[in-house]
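**Q** Pasting a structure below so you can have a look.
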Amino acid sequence: MTRETRSTVGSAMTDAGRNPDDAGFGVYVHWPFCASKCPYCDFNSHVRHGGVDEVDFLAAYLREIDTTAARTGRRVTTSVFFGGGTPSLMSPATVAAIIERIDRHWGIAPGAEITLEANPSSVEAGRFAGYRTAGVNRVSMGVQSLSDDILRTLGRLHSAAEARAAIETARRTFERFSFDLIYARPGQTVDAWLDELEQAIALAGDHLSLYQLTIESGTPFAALHSSGKLRLPEDHAADELYAATQEMTAAAGLPGYEISNHARPGGGSQHNLLYWRYGEYAGIGAGAHGRLIIGGQRLATSAERNPEAWRARVEAHGDGLIESEVLTPAEQVDEALLMGLRLSEGLPIERLTRLGGLAPKGRALGRLTFQGMLDAAGPGRIKASAKGRMVLNELVRQLSEDLTAV
């Protein structure tokens with residue numbers, strides 16, 4: 001499983017007030033199954049040793065797309081993202097059928113980015129040609145490390161050699177590809193990480209995702225951490241690793257355009273940029289979340305997490321939703337701040353005012369700029385500094401408390 005976990009919209013938009021910054025419309029498709037559960041992972045992923053009835057699940061995906069499209073009306077889809085779980089366990093025929101149904105209802109824009117997450121085992125990499133034929137034009141691989149010892153510690157099923165082979169297969173098969181690494185691991189030094197990162201940069205295409213290891217509640221790593229059997233680098237050491245990462249990737253032409261994502265010019269993940277620019281997206285599948293604008297209101301949607309229970313809900317009701325909540329203007333501004341301040345480009349204040357007539361224009365902006373938490377980002381823009389992105393939640397809290405009607 002990978003963590004990478006986002007154009008403009010054409011003339012087919014119908015709802016007044018939709019897409020306040022023209023960030024686009026995307027579809028996220030969640031495949032919730034994995035061959036095994038990684039000890040650090042708290043994503044909605046499930047292991048089914050008895051196998052998965054892919055035919056029945058495909059029928060549920062198609063029906064949920066039908067129902068969701070009936071709610072939204074016609075759109076122009078600028079990106080599709082198959083996440084998980086491990087979407088590369090799906091057959092290419094299943095992927096093709098889902099893409100076709102999305103195109104039938106919403107329309108997929110020419111040149112739209114269609115990404116599929118994959119694990120780099122040799123069997124899954126062998127399916128890449130089939131995914132390309134199905135319509136996928138970008139793959140994102142959960143490599144996580146280029147060391148066999150570390151891969152075993154992280155509970156990964158592939159070897160470093162298989163990862164390298166999968167990267168080369170992706171390079172030959174797709175227009176664009178990306179892969180993930182995890183750093184700030186127990187006992188990891190800056191020198192050791194930079195050596196591994198240098199290898200990764202040599203293998204990379206136009207995009208690279210680099211995540212610090214975090215302890216997520218309810219995972220095996222959380223239990224080990226609470227018992228003292230797993231110790232992560234101290235905060236100052238993690239900060240040194242982060243700073244060294246930014247320096248090396250920038251020097252290699254892959255600067256960080258988001259806290260954990262690096263790309264060559266034009267190589268950013270268009271789907272994830274849609275999220276960070278607070279665009280509109282439909283969530284399809286067990287546990288999928290969405291942000292849909294219907295009738296001028298932005299809805300936060302979420303689906304049942306258990307795959308079989310989700311499928312039963314779809315069969316009974318047409319979709320698997322357990323929540324569809326109207327977001328208040330203040331909640332939308334909070335979300336837009338939290339997403340937009342992750343980006344090195346920052347976000348325009350106008351985007352916030354168009355969401356709900358609110359923007360941080362009082363004392364917080366001056367105070368946080370003076371403290372070095374915000375950088376100058378041009379007229380009418382807010383941009384978190386490198387220091388500010390390290391404490392992003394606190395930054396958003398202070399800005400949100402200082403919202404002013406405009």
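Lettering and numbering for the structure tokens are positional, with chains as A, B, ... in the shown order, residues counted from 1 in each chain, and ligands counted from 1 in the shown order.
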Using only C-alpha atoms, which residues sit within 12 Å of Ala238 of chain A once same-chain residues fewer than 6 positions away are excluded, as a list in words?

**A**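 Non-adjacent residues within range: Tyr183, Ala184, Arg185, Pro186, Gly187, Gln188, Thr189, Val190, Trp193, Tyr211, Gln212, Leu213, Thr214, Leu232, Ala244, Thr245 and Met390 of chain A.
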
**Q** Run DSSP on the backbone and tell me which residues of segment 136-281 of chain A come out as alpha helix (DSSP H); list them as a short mmCIF file (atom, residue, chain, number, x, y, z; two decimals) with C-alpha atoms, in the first residue's frame.

**A**
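Written file, states33.cif:
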data_model
loop_
_atom_site.label_atom_id
_atom_site.label_comp_id
_atom_site.auth_asym_id
_atom_site.auth_seq_id
_atom_site.Cartn_x
_atom_site.Cartn_y
_atom_site.Cartn_z
CA ASP A 148 15.85 -5.76 2.36
CA ASP A 149 16.40 -5.56 6.13
CA ILE A 150 14.24 -2.46 6.45
CA LEU A 151 11.55 -3.93 4.20
CA ARG A 152 11.29 -6.91 6.54
CA THR A 153 11.04 -4.58 9.55
CA ALA A 160 14.58 -4.41 -2.85
CA ALA A 161 15.39 -6.17 -6.12
CA GLU A 162 11.68 -6.59 -6.89
CA ALA A 163 11.14 -2.91 -6.14
CA ARG A 164 13.86 -1.86 -8.56
CA ALA A 165 12.48 -4.20 -11.23
CA ALA A 166 8.95 -2.82 -10.75
CA ILE A 167 10.24 0.75 -11.08
CA GLU A 168 11.91 -0.09 -14.37
CA THR A 169 8.75 -1.83 -15.60
CA ALA A 170 6.74 1.28 -14.70
CA ARG A 171 9.25 3.48 -16.52
CA ARG A 172 8.81 1.43 -19.70
CA THR A 173 5.02 1.14 -19.43
CA VAL A 190 21.09 11.34 8.35
CA ASP A 191 24.02 9.82 6.42
CA ALA A 192 22.27 6.46 6.01
CA TRP A 193 19.07 8.14 4.82
CA LEU A 194 20.86 10.40 2.34
CA ASP A 195 22.62 7.37 0.86
CA GLU A 196 19.26 5.65 0.33
CA LEU A 197 17.68 8.85 -0.96
CA GLU A 198 20.49 9.28 -3.48
CA GLN A 199 19.69 5.81 -4.83
CA ALA A 200 15.99 6.69 -4.99
CA ILE A 201 16.60 9.91 -6.91
CA ALA A 202 18.64 7.98 -9.46
CA LEU A 203 15.63 5.67 -9.99
CA PRO A 220 1.17 -3.13 15.80
CA PHE A 221 3.84 -0.42 15.70
CA ALA A 222 1.77 1.61 18.19
CA ALA A 223 1.78 -1.32 20.63
CA LEU A 224 5.54 -1.75 20.25
CA HIS A 225 6.09 1.98 20.67
CA SER A 226 4.00 2.19 23.85
CA ASP A 235 12.03 15.57 17.24
CA HIS A 236 15.32 17.38 16.60
CA ALA A 237 16.70 14.36 14.74
CA ALA A 238 13.52 14.05 12.67
CA ASP A 239 13.79 17.76 11.83
CA GLU A 240 17.37 17.23 10.65
CA LEU A 241 16.25 14.34 8.45
CA TYR A 242 13.46 16.49 6.98
CA ALA A 243 15.78 19.43 6.27
CA ALA A 244 18.37 17.16 4.65
CA THR A 245 15.61 15.62 2.51
CA GLN A 246 14.47 19.01 1.25
CA GLU A 247 18.02 20.07 0.44
CA MET A 248 18.98 16.94 -1.49
CA THR A 249 15.76 16.69 -3.50
CA ALA A 250 15.85 20.38 -4.44
CA ALA A 251 19.46 20.06 -5.59
CA GLN A 270 -2.75 16.25 -10.27
CA HIS A 271 -5.21 14.28 -8.17
CA ASN A 272 -3.53 15.14 -4.90
CA LEU A 273 -3.19 18.76 -6.01
CA LEU A 274 -6.95 18.71 -6.45
CA TYR A 275 -7.27 17.76 -2.75
CA TRP A 276 -4.75 20.35 -1.61
#

**Q** Might you pull out every residue within 10 Å of Phe177 of chain A, with only C-alpha atoms counted and same-chain residues fewer than 4 positions away left off, and present them as a VMD selection string?

**A** chain A and resid 115 to 117 137 to 141 167 to 168 170 to 173 204 to 208 267 269

**Q** Determine, counting only C-alpha atoms, which protein, DNA and RNA residues have an atom within 6 Å of an atom of Leu347 of chain A; residues of the same chain fewer than 6 positions away are not included. Present the result as a PyMOL selection string.

**A** chain A and resi 340+381-382

**Q** Write to file, as a PDB file, in the first residue's frame, the residues of the selection just made, with C-alpha atoms.

**A**
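Result written to again.pdb:
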ATOM      1  CA  GLY A 340      -3.513  24.644   1.029  1.00  0.00           C
ATOM      2  CA  ARG A 381      -1.631  34.688  -0.796  1.00  0.00           C
ATOM      3  CA  ILE A 382      -0.860  32.804   2.430  1.00  0.00           C
TER       4      ILE A 382
END

**Q** May I ask which of the residues A:Cys34, A:Ser145, A:Gly73, A:Arg132 is the closest one to Met90 of chain A, counting only C-alpha atoms?

**A**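 So, comparing all the options, the nearest one is A:Cys34.
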
**Q** Just want the 7 Å neighbourhood of segment 307-319 of chain A, counted on only C-alpha atoms, with same-chain residues fewer than 2 positions away dropped. Output as an MDAnalysis selection string.

**A** chainID A and resid 32 57 60 63:64 67 286 304:305 321

**Q** For the structure I just gave you, how does DSSP split segment 167-245 of chain A - specifically, which residues are strand (DSSP E)? Reply as a list of chain:residue names.

**A** A:Arg176, A:Phe177, A:Ser178, A:Phe179, A:Asp180, A:Leu181, A:Ile182, A:Tyr183, A:His207, A:Leu208, A:Ser209, A:Leu210, A:Tyr211, A:Gln212

**Q** Selected residues, N, CA and C atoms, written as an mmCIF file, in the first residue's frame, please.

**A**
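File written: part_16.cif
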data_model
loop_
_atom_site.group_PDB
_atom_site.id
_atom_site.type_symbol
_atom_site.label_atom_id
_atom_site.label_comp_id
_atom_site.auth_asym_id
_atom_site.auth_seq_id
_atom_site.Cartn_x
_atom_site.Cartn_y
_atom_site.Cartn_z
ATOM 1 N N ARG A 176 3.962 8.367 -16.799
ATOM 2 C CA ARG A 176 4.455 8.932 -15.550
ATOM 3 C C ARG A 176 4.390 7.864 -14.467
ATOM 4 N N PHE A 177 5.311 7.937 -13.505
ATOM 5 C CA PHE A 177 5.265 7.022 -12.369
ATOM 6 C C PHE A 177 5.878 7.705 -11.157
ATOM 7 N N SER A 178 5.537 7.164 -9.995
ATOM 8 C CA SER A 178 6.074 7.670 -8.730
ATOM 9 C C SER A 178 6.263 6.489 -7.791
ATOM 10 N N PHE A 179 7.084 6.688 -6.777
ATOM 11 C CA PHE A 179 7.144 5.686 -5.708
ATOM 12 C C PHE A 179 7.398 6.372 -4.375
ATOM 13 N N ASP A 180 7.072 5.638 -3.299
ATOM 14 C CA ASP A 180 7.150 6.158 -1.937
ATOM 15 C C ASP A 180 8.314 5.534 -1.186
ATOM 16 N N LEU A 181 8.912 6.323 -0.290
ATOM 17 C CA LEU A 181 9.844 5.813 0.709
ATOM 18 C C LEU A 181 9.421 6.336 2.071
ATOM 19 N N ILE A 182 9.734 5.574 3.105
ATOM 20 C CA ILE A 182 9.494 5.977 4.495
ATOM 21 C C ILE A 182 10.839 6.197 5.167
ATOM 22 N N TYR A 183 10.986 7.338 5.846
ATOM 23 C CA TYR A 183 12.229 7.606 6.575
ATOM 24 C C TYR A 183 11.901 8.021 8.003
ATOM 25 N N HIS A 207 8.410 12.259 -10.127
ATOM 26 C CA HIS A 207 7.740 12.437 -8.835
ATOM 27 C C HIS A 207 8.288 11.440 -7.827
ATOM 28 N N LEU A 208 8.357 11.879 -6.568
ATOM 29 C CA LEU A 208 8.849 11.046 -5.478
ATOM 30 C C LEU A 208 8.123 11.458 -4.200
ATOM 31 N N SER A 209 7.590 10.483 -3.454
ATOM 32 C CA SER A 209 6.920 10.764 -2.188
ATOM 33 C C SER A 209 7.767 10.229 -1.046
ATOM 34 N N LEU A 210 8.043 11.080 -0.051
ATOM 35 C CA LEU A 210 8.958 10.752 1.036
ATOM 36 C C LEU A 210 8.270 11.088 2.354
ATOM 37 N N TYR A 211 7.911 10.052 3.116
ATOM 38 C CA TYR A 211 7.104 10.218 4.325
ATOM 39 C C TYR A 211 7.895 9.867 5.568
ATOM 40 N N GLN A 212 7.765 10.695 6.589
ATOM 41 C CA GLN A 212 8.332 10.328 7.882
ATOM 42 C C GLN A 212 7.440 9.276 8.542
#

**Q** Which polymer residues have any atom within 12 Å of an atom of Phe33 of chain A, counting only C-alpha atoms, with same-chain residues fewer than 4 positions away left out, as a count of residues only?

**A** 31

**Q** Compare A:Gln144, A:Ser159, A:Ser91, A:Asn393 by their minimum atom-to-atom distance to Phe128 of chain A, counting only C-alpha atoms, and give me the closest one.

**A** A:Ser91

**Q** I'd like the interatomic distance between atom CA of Glu216 of chain A and atom CA of Ser260 of chain A, to a tenth of an Å.

**A**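 Atom-to-atom, atom CA of Glu216 of chain A to atom CA of Ser260 of chain A, that is 17.2 Å.
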